[in-house]
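A.B. asks: Pasting model_34.pdb here (PDB, C-alpha atoms and all ligand atoms):
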ATOM      1  CA  MET A  11      20.393  17.155   4.581
ATOM      2  CA  SER A  12      23.067  14.528   5.215
ATOM      3  CA  ASP A  13      23.558  15.561   8.860
ATOM      4  CA  VAL A  14      23.256  12.255  10.744
ATOM      5  CA  THR A  15      22.647  14.022  14.067
ATOM      6  CA  THR A  16      19.203  15.267  12.989
ATOM      7  CA  GLU A  17      16.193  13.261  14.075
ATOM      8  CA  THR A  18      14.116  11.124  11.739
ATOM      9  CA  VAL A  19      10.580  12.500  11.676
ATOM     10  CA  ILE A  20       8.975  10.122   9.151
ATOM     11  CA  SER A  21       9.995   6.620   8.190
ATOM     12  CA  LEU A  22       8.107   4.505   5.641
ATOM     13  CA  GLU A  23       9.241   0.963   4.839
ATOM     14  CA  ASN A  24       7.619  -1.014   2.036
ATOM     15  CA  VAL A  25       4.289   0.717   2.563
ATOM     16  CA  SER A  26       1.400  -0.291   0.309
ATOM     17  CA  VAL A  27      -2.157   1.021   0.386
ATOM     18  CA  GLN A  28      -5.277  -0.556  -1.069
ATOM     19  CA  LEU A  29      -8.571   1.293  -1.075
ATOM     20  CA  ALA A  30     -11.775  -0.482  -2.120
ATOM     21  CA  GLY A  31      -9.633  -3.335  -3.438
ATOM     22  CA  LYS A  32      -7.563  -1.030  -5.655
ATOM     23  CA  ALA A  33      -3.782  -0.688  -5.199
ATOM     24  CA  ILE A  34      -3.119   3.050  -4.632
ATOM     25  CA  LEU A  35       0.470   2.998  -3.305
ATOM     26  CA  ARG A  36       2.925   0.124  -3.796
ATOM     27  CA  GLU A  37       5.998  -0.563  -1.671
ATOM     28  CA  ILE A  38       6.790   3.070  -0.841
ATOM     29  CA  ASN A  39      10.068   3.700   1.021
ATOM     30  CA  PHE A  40      11.425   6.984   2.297
ATOM     31  CA  SER A  41      12.429   8.829   5.426
ATOM     32  CA  VAL A  42      12.340  12.512   6.291
ATOM     33  CA  ARG A  43      14.552  14.278   8.835
ATOM     34  CA  GLU A  44      13.715  17.285  10.979
ATOM     35  CA  GLY A  45      13.865  20.617   9.180
ATOM     36  CA  GLU A  46      13.623  19.129   5.678
ATOM     37  CA  PHE A  47      11.456  20.875   3.092
ATOM     38  CA  ILE A  48       9.942  18.320   0.720
ATOM     39  CA  ALA A  49       7.493  18.764  -2.157
ATOM     40  CA  ILE A  50       5.126  15.934  -3.091
ATOM     41  CA  LEU A  51       4.350  15.798  -6.800
ATOM     42  CA  GLY A  52       2.277  13.612  -9.063
ATOM     43  CA  PRO A  53      -0.747  13.555 -11.357
ATOM     44  CA  ASN A  54      -4.371  13.743 -10.142
ATOM     45  CA  GLY A  55      -5.349  10.622  -8.259
ATOM     46  CA  ALA A  56      -1.737   9.456  -7.820
ATOM     47  CA  GLY A  57      -2.121   9.094  -4.058
ATOM     48  CA  LYS A  58      -0.639  12.321  -2.669
ATOM     49  CA  SER A  59      -3.512  13.021  -0.261
ATOM     50  CA  THR A  60      -3.595   9.308   0.574
ATOM     51  CA  LEU A  61       0.023   9.585   1.699
ATOM     52  CA  LEU A  62      -0.861  12.495   4.010
ATOM     53  CA  LYS A  63      -3.834  10.533   5.404
ATOM     54  CA  LEU A  64      -1.469   7.638   6.209
ATOM     55  CA  LEU A  65       0.798   9.961   8.196
ATOM     56  CA  LEU A  66      -2.224  11.432  10.010
ATOM     57  CA  GLY A  67      -3.380   7.938  11.015
ATOM     58  CA  LEU A  68      -6.647   8.377   9.100
ATOM     59  CA  ILE A  69      -6.074   5.294   6.970
ATOM     60  CA  LYS A  70      -3.961   2.192   7.545
ATOM     61  CA  PRO A  71      -1.475   0.651   5.121
ATOM     62  CA  SER A  72      -2.298  -2.804   3.786
ATOM     63  CA  SER A  73       1.353  -3.723   4.425
ATOM     64  CA  GLY A  74       4.610  -2.122   5.530
ATOM     65  CA  THR A  75       5.688   0.013   8.472
ATOM     66  CA  ILE A  76       5.173   3.716   9.140
ATOM     67  CA  GLU A  77       6.737   5.641  12.010
ATOM     68  CA  ILE A  78       6.256   9.284  12.953
ATOM     69  CA  LEU A  79       8.932  10.264  15.479
ATOM     70  CA  GLN A  80       9.562   6.565  16.189
ATOM     71  CA  ARG A  81       5.892   5.823  16.912
ATOM     72  CA  PRO A  82       3.051   4.461  14.764
ATOM     73  CA  PRO A  83       0.757   7.096  13.225
ATOM     74  CA  ARG A  84      -2.242   8.054  15.351
ATOM     75  CA  ARG A  85      -5.186  10.410  14.936
ATOM     76  CA  GLY A  86      -4.921  13.741  16.726
ATOM     77  CA  ASN A  87      -1.098  13.618  16.878
ATOM     78  CA  GLN A  88      -0.089  17.051  18.211
ATOM     79  CA  ALA A  89       3.352  16.636  16.630
ATOM     80  CA  ILE A  90       1.717  17.102  13.212
ATOM     81  CA  GLY A  91       0.289  20.346  11.871
ATOM     82  CA  TYR A  92      -2.029  19.790   8.915
ATOM     83  CA  ALA A  93      -3.460  22.317   6.479
ATOM     84  CA  PRO A  94      -6.031  20.476   4.310
ATOM     85  CA  GLN A  95      -6.814  21.284   0.697
ATOM     86  CA  HIS A  96      -8.414  24.686   0.795
ATOM     87  CA  ARG A  97     -11.738  25.630  -0.650
ATOM     88  CA  VAL A  98     -12.463  29.359  -0.761
ATOM     89  CA  LEU A  99     -14.688  30.212   2.192
ATOM     90  CA  GLU A 100     -18.166  31.699   1.798
ATOM     91  CA  ALA A 101     -17.990  35.460   1.216
ATOM     92  CA  ASP A 102     -20.614  36.073   3.907
ATOM     93  CA  LEU A 103     -18.828  33.977   6.541
ATOM     94  CA  ALA A 104     -18.663  36.484   9.378
ATOM     95  CA  LEU A 105     -16.111  34.710  11.597
ATOM     96  CA  ARG A 106     -13.004  36.785  12.185
ATOM     97  CA  ALA A 107      -9.678  35.528  10.838
ATOM     98  CA  ARG A 108      -8.296  35.088  14.351
ATOM     99  CA  ASP A 109     -11.280  32.890  15.338
ATOM    100  CA  VAL A 110     -10.548  30.551  12.444
ATOM    101  CA  VAL A 111      -6.915  30.243  13.579
ATOM    102  CA  GLY A 112      -8.201  29.463  17.095
ATOM    103  CA  PHE A 113      -9.842  26.293  15.750
ATOM    104  CA  GLY A 114      -6.277  24.903  15.691
ATOM    105  CA  LEU A 115      -6.426  24.906  19.499
ATOM    106  CA  ASP A 116     -10.068  23.983  19.888
ATOM    107  CA  GLY A 117     -10.125  20.885  17.726
ATOM    108  CA  HIS A 118     -12.096  22.568  14.920
ATOM    109  CA  ARG A 119     -15.159  23.108  17.100
ATOM    110  CA  TRP A 120     -17.532  25.572  15.475
ATOM    111  CA  GLY A 121     -17.375  28.389  18.004
ATOM    112  CA  PRO A 122     -15.006  30.881  19.566
ATOM    113  CA  GLY A 123     -13.419  28.465  22.085
ATOM    114  CA  TRP A 124     -12.630  29.135  25.735
ATOM    115  CA  PRO A 125     -11.118  32.561  26.288
ATOM    116  CA  SER A 126      -7.746  32.639  28.042
ATOM    117  CA  ARG A 127      -4.726  34.893  27.951
ATOM    118  CA  LYS A 128      -2.395  32.039  26.986
ATOM    119  CA  ARG A 129      -4.701  30.980  24.169
ATOM    120  CA  ASP A 130      -4.895  34.546  22.830
ATOM    121  CA  ALA A 131      -1.107  34.907  22.971
ATOM    122  CA  GLN A 132      -0.600  31.659  21.037
ATOM    123  CA  ILE A 133      -3.029  32.787  18.342
ATOM    124  CA  GLU A 134      -1.402  36.226  18.169
ATOM    125  CA  GLN A 135       2.038  34.696  17.723
ATOM    126  CA  ALA A 136       0.846  32.343  14.965
ATOM    127  CA  LEU A 137      -0.877  35.245  13.164
ATOM    128  CA  GLN A 138       2.330  37.242  13.351
ATOM    129  CA  GLU A 139       4.406  34.344  12.053
ATOM    130  CA  VAL A 140       2.332  34.145   8.866
ATOM    131  CA  ASP A 141       2.121  37.932   8.560
ATOM    132  CA  ALA A 142      -1.654  37.959   9.095
ATOM    133  CA  LEU A 143      -2.019  40.425  11.982
ATOM    134  CA  ARG A 144      -3.094  43.180   9.599
ATOM    135  CA  PHE A 145      -6.281  41.303   8.680
ATOM    136  CA  ALA A 146      -6.759  39.350  11.940
ATOM    137  CA  ASN A 147     -10.099  40.993  12.746
ATOM    138  CA  GLU A 148     -11.559  40.900   9.221
ATOM    139  CA  PRO A 149     -14.443  38.543   8.359
ATOM    140  CA  VAL A 150     -12.666  35.514   6.946
ATOM    141  CA  GLY A 151     -15.038  35.145   3.992
ATOM    142  CA  GLN A 152     -13.886  38.499   2.622
ATOM    143  CA  LEU A 153     -10.184  37.628   2.578
ATOM    144  CA  SER A 154      -8.282  36.669  -0.571
ATOM    145  CA  GLY A 155      -7.246  33.076  -1.285
ATOM    146  CA  GLY A 156      -3.663  33.871  -0.254
ATOM    147  CA  GLU A 157      -4.778  35.452   3.017
ATOM    148  CA  GLN A 158      -7.025  32.492   3.828
ATOM    149  CA  GLN A 159      -4.118  30.159   3.078
ATOM    150  CA  ARG A 160      -1.973  32.027   5.631
ATOM    151  CA  LEU A 161      -4.656  31.404   8.260
ATOM    152  CA  LEU A 162      -4.680  27.667   7.531
ATOM    153  CA  ILE A 163      -0.908  27.598   8.016
ATOM    154  CA  ALA A 164      -1.176  29.615  11.248
ATOM    155  CA  GLN A 165      -3.809  27.163  12.491
ATOM    156  CA  ALA A 166      -1.522  24.222  11.677
ATOM    157  CA  LEU A 167       1.353  25.830  13.618
ATOM    158  CA  LEU A 168      -0.532  26.257  16.897
ATOM    159  CA  SER A 169       0.462  22.909  18.395
ATOM    160  CA  ASN A 170       4.180  23.615  17.722
ATOM    161  CA  PRO A 171       4.386  20.670  15.329
ATOM    162  CA  ARG A 172       7.546  18.793  14.341
ATOM    163  CA  LEU A 173       5.942  17.922  11.003
ATOM    164  CA  LEU A 174       3.857  20.232   8.830
ATOM    165  CA  LEU A 175       1.631  18.702   6.126
ATOM    166  CA  LEU A 176       0.355  21.197   3.549
ATOM    167  CA  ASP A 177      -2.074  19.859   0.927
ATOM    168  CA  GLU A 178      -1.884  22.039  -2.206
ATOM    169  CA  PRO A 179      -1.380  25.418  -0.509
ATOM    170  CA  LEU A 180      -0.492  26.996  -3.883
ATOM    171  CA  ALA A 181      -3.615  25.835  -5.724
ATOM    172  CA  SER A 182      -5.631  28.679  -7.214
ATOM    173  CA  LEU A 183      -3.059  31.330  -6.237
ATOM    174  CA  ASP A 184      -1.462  33.499  -8.911
ATOM    175  CA  ILE A 185       2.314  33.506  -9.329
ATOM    176  CA  SER A 186       3.110  36.358  -6.949
ATOM    177  CA  HIS A 187       0.747  35.215  -4.161
ATOM    178  CA  GLY A 188       1.992  31.642  -4.594
ATOM    179  CA  GLN A 189       5.531  32.945  -4.269
ATOM    180  CA  GLU A 190       4.628  34.708  -1.010
ATOM    181  CA  ILE A 191       3.311  31.446   0.458
ATOM    182  CA  VAL A 192       6.471  29.604  -0.663
ATOM    183  CA  THR A 193       8.656  32.246   1.037
ATOM    184  CA  LEU A 194       6.535  32.053   4.181
ATOM    185  CA  VAL A 195       6.646  28.243   4.366
ATOM    186  CA  GLU A 196      10.402  28.233   3.797
ATOM    187  CA  ARG A 197      10.887  30.716   6.651
ATOM    188  CA  VAL A 198       8.701  28.620   8.978
ATOM    189  CA  CYS A 199      10.564  25.446   7.984
ATOM    190  CA  ARG A 200      14.040  26.912   8.548
ATOM    191  CA  THR A 201      13.356  28.905  11.725
ATOM    192  CA  ARG A 202      11.332  26.192  13.492
ATOM    193  CA  LYS A 203      13.328  23.280  12.024
ATOM    194  CA  VAL A 204       9.971  21.655  11.345
ATOM    195  CA  ALA A 205       9.851  19.045   8.566
ATOM    196  CA  VAL A 206       7.494  20.179   5.784
ATOM    197  CA  LEU A 207       5.700  18.008   3.238
ATOM    198  CA  LEU A 208       3.967  20.242   0.701
ATOM    199  CA  VAL A 209       1.724  18.793  -2.019
ATOM    200  CA  THR A 210       1.881  20.704  -5.290
ATOM    201  CA  HIS A 211       1.187  20.321  -8.992
ATOM    202  CA  ASP A 212       3.912  22.775  -9.986
ATOM    203  CA  ILE A 213       7.449  22.348  -8.714
ATOM    204  CA  ASN A 214       8.745  25.531 -10.346
ATOM    205  CA  PRO A 215       7.943  28.046  -7.577
ATOM    206  CA  LEU A 216       9.503  25.608  -5.092
ATOM    207  CA  LEU A 217      12.670  24.725  -7.029
ATOM    208  CA  PRO A 218      14.897  27.277  -5.242
ATOM    209  CA  VAL A 219      13.779  26.240  -1.746
ATOM    210  CA  VAL A 220      13.001  22.510  -1.479
ATOM    211  CA  ASP A 221      15.562  20.003  -0.222
ATOM    212  CA  ARG A 222      13.969  17.010  -1.927
ATOM    213  CA  VAL A 223      10.877  15.935  -3.836
ATOM    214  CA  ILE A 224       8.724  12.815  -3.633
ATOM    215  CA  TYR A 225       7.199  12.040  -7.022
ATOM    216  CA  ILE A 226       4.268   9.616  -7.036
ATOM    217  CA  ALA A 227       2.808   8.121 -10.219
ATOM    218  CA  HIS A 228       1.018   4.866 -10.973
ATOM    219  CA  GLY A 229       1.421   3.721  -7.362
ATOM    220  CA  HIS A 230       5.212   4.019  -7.391
ATOM    221  CA  SER A 231       7.388   6.776  -5.978
ATOM    222  CA  ALA A 232      10.824   8.308  -6.352
ATOM    223  CA  ILE A 233      12.529  10.550  -3.796
ATOM    224  CA  GLY A 234      15.586  12.739  -4.133
ATOM    225  CA  THR A 235      16.633  16.245  -5.089
ATOM    226  CA  PRO A 236      14.656  17.794  -7.966
ATOM    227  CA  GLU A 237      17.728  17.269 -10.175
ATOM    228  CA  GLU A 238      17.759  13.549  -9.313
ATOM    229  CA  VAL A 239      14.031  12.865  -9.591
ATOM    230  CA  ILE A 240      12.630  15.201 -12.229
ATOM    231  CA  THR A 241      14.522  13.701 -15.125
ATOM    232  CA  SER A 242      13.307  12.077 -18.334
ATOM    233  CA  GLU A 243      14.764   8.745 -17.200
ATOM    234  CA  THR A 244      13.221   8.624 -13.695
ATOM    235  CA  LEU A 245       9.799   9.904 -14.752
ATOM    236  CA  SER A 246       9.633   7.559 -17.774
ATOM    237  CA  LYS A 247      10.270   4.660 -15.371
ATOM    238  CA  LEU A 248       7.596   5.873 -12.913
ATOM    239  CA  TYR A 249       4.957   6.448 -15.589
ATOM    240  CA  GLY A 250       5.952   3.373 -17.578
ATOM    241  CA  SER A 251       5.957   5.395 -20.809
ATOM    242  CA  PRO A 252       8.247   7.977 -22.467
ATOM    243  CA  VAL A 253       8.328  11.281 -20.580
ATOM    244  CA  GLU A 254      10.565  14.194 -21.490
ATOM    245  CA  VAL A 255      11.744  16.761 -18.946
ATOM    246  CA  VAL A 256      12.692  20.062 -20.528
ATOM    247  CA  ARG A 257      14.707  22.675 -18.640
ATOM    248  CA  ALA A 258      14.315  26.259 -19.825
ATOM    249  CA  LEU A 259      14.553  29.667 -18.137
ATOM    250  CA  ASN A 260      15.373  27.959 -14.789
ATOM    251  CA  ARG A 261      12.083  26.107 -14.983
ATOM    252  CA  LEU A 262      11.195  22.455 -15.490
ATOM    253  CA  PHE A 263       8.559  21.325 -17.950
ATOM    254  CA  VAL A 264       7.330  17.743 -17.963
ATOM    255  CA  VAL A 265       6.189  16.677 -21.422
ATOM    256  CA  GLY A 266       4.255  13.500 -22.207
ATOM    257  CA  ALA A 267       2.818  12.901 -18.729
ATOM    258  CA  GLU A 268      -0.292  14.181 -17.062
ATOM    259  CA  MET A 269       0.438  16.325 -13.988
TER
HETATM  260  N1  LIG B 301     -11.927   6.083   0.354
HETATM  261  C1  LIG B 301     -11.527   5.713  -0.850
HETATM  262  N2  LIG B 301     -11.982   4.560  -1.389
HETATM  263  C2  LIG B 301     -11.564   4.161  -2.603
HETATM  264  N3  LIG B 301     -10.701   4.857  -3.375
HETATM  265  C3  LIG B 301     -10.232   5.991  -2.884
HETATM  266  C4  LIG B 301     -10.609   6.503  -1.602
HETATM  267  N4  LIG B 301      -9.961   7.673  -1.388
HETATM  268  C5  LIG B 301      -9.214   7.891  -2.499
HETATM  269  N5  LIG B 301      -9.373   6.896  -3.386
HETATM  270  C6  LIG B 301      -8.701   6.780  -4.696
HETATM  271  O1  LIG B 301      -7.323   6.761  -4.427
HETATM  272  C7  LIG B 301      -6.603   7.400  -5.481
HETATM  273  C8  LIG B 301      -5.671   8.425  -4.894
HETATM  274  O2  LIG B 301      -6.426   9.531  -4.399
HETATM  275  P1  LIG B 301      -5.706  10.794  -3.758
HETATM  276  O3  LIG B 301      -6.779  11.708  -3.329
HETATM  277  O4  LIG B 301      -4.720  10.328  -2.750
HETATM  278  O5  LIG B 301      -4.931  11.367  -5.014
HETATM  279  P2  LIG B 301      -4.138  12.755  -5.167
HETATM  280  O6  LIG B 301      -2.800  12.404  -5.719
HETATM  281  O7  LIG B 301      -4.170  13.490  -3.868
HETATM  282  O8  LIG B 301      -5.022  13.471  -6.270
HETATM  283  P3  LIG B 301      -5.340  15.033  -6.569
HETATM  284  O9  LIG B 301      -4.101  15.617  -7.149
HETATM  285  O10 LIG B 301      -6.442  14.940  -7.585
HETATM  286  O11 LIG B 301      -5.777  15.668  -5.259
HETATM  287  C9  LIG B 301      -7.657   7.949  -6.437
HETATM  288  O12 LIG B 301      -7.779   7.053  -7.505
HETATM  289  C10 LIG B 301      -8.922   7.967  -5.605
HETATM  290  O13 LIG B 301     -10.051   7.780  -6.405
END
The structure given in the file should be rewritten as structure tokens.
Ligand SMILES: Nc1ncnc2c1ncn2[C@@H]1O[C@H](COP(=O)(O)OP(=O)(O)OP(=O)(O)O)[C@@H](O)[C@H]1O
C.D. replies:
Amino acid sequence: MSDVTTETVISLENVSVQLAGKAILREINFSVREGEFIAILGPNGAGKSTLLKLLLGLIKPSSGTIEILQRPPRRGNQAIGYAPQHRVLEADLALRARDVVGFGLDGHRWGPGWPSRKRDAQIEQALQEVDALRFANEPVGQLSGGEQQRLLIAQALLSNPRLLLLDEPLASLDISHGQEIVTLVERVCRTRKVAVLLVTHDINPLLPVVDRVIYIAHGHSAIGTPEEVITSETLSKLYGSPVEVVRALNRLFVVGAEM
């Protein structure tokens, strides 16, 4: 992604975050260009969701500068599509899948939204893009975790975002369903040239597709290709203690650090 003609979508300079008097992120610096696919990694409580909340304008940094498409973050930014961490929906939730996707247009109001042909066409196109048309009329509570995840991504795509934030879309999916979501997100990223930040605890399913990774631990971060960042040297520095990265069977295993 060294093409200097592509637009900068995110820029963070010396960004620190304190919550309830506790330093969560310290002096974070990175920028993301359009069409980049980036995984965000780090142990529980490292500040991955906090980083997404900063970009969404939900929390403010205690110092430093953040720009999204050359403007400060703001709530309700239509240039950002956001799929929050997913909890499996109630099995008896009778809403149809396509109604849930429609919340992406209706600001998450609990209800079917105003009917219009344009609205229906937008929802139909988003359902098709995530390969969800076949279960579009099913009650959402009866869908599998992978199917529900597709709907969250479709919902996030409705505003034609330039930046897609996906918080742990692979959590609680088995290997093959996780792989399907990875393939889907890669296709969306490449065809729309939308920048993607995807939070994950396991980089392995993403290794063949991501451009770069942001690794956050103990308030500090490192950004680069997986080969640059997920090394014994870089992770030992981030964690402040010896960490060993083992490569085997085209997979990476991090030993000596909590993930
Ligand atoms: N509103 C808040 N007030 C005080 N502390 C907070 C607040 N929100 C989050 N934190 C703390 O900030 C730290 C980072 O939380 P965050 O949710 O960003 O971590 P994470 O990397 O997304 O973790 P996980 O992998 O468990 O989802 C945690 O220690 C958490 O307890």
A.B. asks: Could you spell out the hits of the PyMOL selection byres (((chain A and resi 109) around 9) and not hetatm) on the shown file, as an MDAnalysis selection string?
C.D. replies: chainID A and resid 105:108 110:113 121:123 133 146:147 150
A.B. asks: Take the PyMOL selection byres (((not hetatm)) within 7 of (chain B and resi 301)), apply it to the structure above, and return the hits as a list in words.
C.D. replies: Leu29, Ala30, Ile34, Gly52, Pro53, Asn54, Gly55, Ala56, Gly57, Lys58, Ser59, Thr60 and Leu61 of chain A
A.B. asks: Expressed in Å to a single decimal, how great is the separation between atom CA of Ile233 of chain A and atom CA of Asn39 of chain A?
C.D. replies: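 Spanning atom CA of Ile233 of chain A to atom CA of Asn39 of chain A is a straight-line distance of 8.7 Å.
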A.B. asks: Which residues of segment 85-202 of chain A sit at most 7 Å from segment 212-223 of chain A, using all atoms listed in the file? Give each one's shortest atom pair and distance in Å (one decimal place), in chain and ascending residue order, as a tab-separated table.
C.D. replies:
residue	atom	partner	partner_atom	distance
A:Gln189	CA	A:Pro215	CA	6.4
A:Val192	CA	A:Leu216	CA	6.7
A:Glu196	CA	A:Val219	CA	6.8
A.B. asks: Nearest residue to Pro71 of chain A out of A:Ser41, A:Gln159, A:Ser246, A:Ser26, using only C-alpha atoms?
C.D. replies: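 Ranking A:Ser41, A:Gln159, A:Ser246, A:Ser26 by distance to Pro71 of chain A, first place goes to A:Ser26.
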A.B. asks: For segment 142-156 of chain A, where the input has fewer atoms than it should, I would like N, CA and C atoms rebuilt and written as a PDB file, in the coordinates of the input.
C.D. replies:
ATOM      1  N   ALA A 142      -0.207  37.818   9.270  1.00  0.00           N
ATOM      2  CA  ALA A 142      -1.654  37.959   9.095  1.00  0.00           C
ATOM      3  C   ALA A 142      -2.277  38.892  10.130  1.00  0.00           C
ATOM      4  N   LEU A 143      -1.450  39.559  10.936  1.00  0.00           N
ATOM      5  CA  LEU A 143      -2.019  40.425  11.982  1.00  0.00           C
ATOM      6  C   LEU A 143      -2.847  41.548  11.383  1.00  0.00           C
ATOM      7  N   ARG A 144      -2.411  42.009  10.180  1.00  0.00           N
ATOM      8  CA  ARG A 144      -3.094  43.180   9.599  1.00  0.00           C
ATOM      9  C   ARG A 144      -4.531  42.884   9.203  1.00  0.00           C
ATOM     10  N   PHE A 145      -4.880  41.611   9.008  1.00  0.00           N
ATOM     11  CA  PHE A 145      -6.281  41.303   8.680  1.00  0.00           C
ATOM     12  C   PHE A 145      -6.898  40.337   9.708  1.00  0.00           C
ATOM     13  N   ALA A 146      -6.329  40.324  10.918  1.00  0.00           N
ATOM     14  CA  ALA A 146      -6.759  39.350  11.940  1.00  0.00           C
ATOM     15  C   ALA A 146      -8.211  39.538  12.374  1.00  0.00           C
ATOM     16  N   ASN A 147      -8.731  40.755  12.267  1.00  0.00           N
ATOM     17  CA  ASN A 147     -10.099  40.993  12.746  1.00  0.00           C
ATOM     18  C   ASN A 147     -11.112  41.103  11.611  1.00  0.00           C
ATOM     19  N   GLU A 148     -10.651  40.825  10.383  1.00  0.00           N
ATOM     20  CA  GLU A 148     -11.559  40.900   9.221  1.00  0.00           C
ATOM     21  C   GLU A 148     -12.435  39.637   9.161  1.00  0.00           C
ATOM     22  N   PRO A 149     -13.640  39.761   8.590  1.00  0.00           N
ATOM     23  CA  PRO A 149     -14.443  38.543   8.359  1.00  0.00           C
ATOM     24  C   PRO A 149     -13.694  37.638   7.371  1.00  0.00           C
ATOM     25  N   VAL A 150     -13.548  36.390   7.713  1.00  0.00           N
ATOM     26  CA  VAL A 150     -12.666  35.514   6.946  1.00  0.00           C
ATOM     27  C   VAL A 150     -13.158  35.310   5.513  1.00  0.00           C
ATOM     28  N   GLY A 151     -14.491  35.357   5.332  1.00  0.00           N
ATOM     29  CA  GLY A 151     -15.038  35.145   3.992  1.00  0.00           C
ATOM     30  C   GLY A 151     -14.672  36.240   3.010  1.00  0.00           C
ATOM     31  N   GLN A 152     -14.241  37.390   3.530  1.00  0.00           N
ATOM     32  CA  GLN A 152     -13.886  38.499   2.622  1.00  0.00           C
ATOM     33  C   GLN A 152     -12.407  38.553   2.292  1.00  0.00           C
ATOM     34  N   LEU A 153     -11.633  37.606   2.828  1.00  0.00           N
ATOM     35  CA  LEU A 153     -10.184  37.628   2.578  1.00  0.00           C
ATOM     36  C   LEU A 153      -9.860  36.940   1.254  1.00  0.00           C
ATOM     37  N   SER A 154      -8.703  37.285   0.696  1.00  0.00           N
ATOM     38  CA  SER A 154      -8.282  36.669  -0.571  1.00  0.00           C
ATOM     39  C   SER A 154      -7.844  35.225  -0.314  1.00  0.00           C
ATOM     40  N   GLY A 155      -7.687  34.472  -1.405  1.00  0.00           N
ATOM     41  CA  GLY A 155      -7.246  33.076  -1.285  1.00  0.00           C
ATOM     42  C   GLY A 155      -5.904  32.973  -0.567  1.00  0.00           C
ATOM     43  N   GLY A 156      -4.990  33.895  -0.882  1.00  0.00           N
ATOM     44  CA  GLY A 156      -3.663  33.871  -0.254  1.00  0.00           C
ATOM     45  C   GLY A 156      -3.741  34.172   1.239  1.00  0.00           C
TER      46      GLY A 156
END
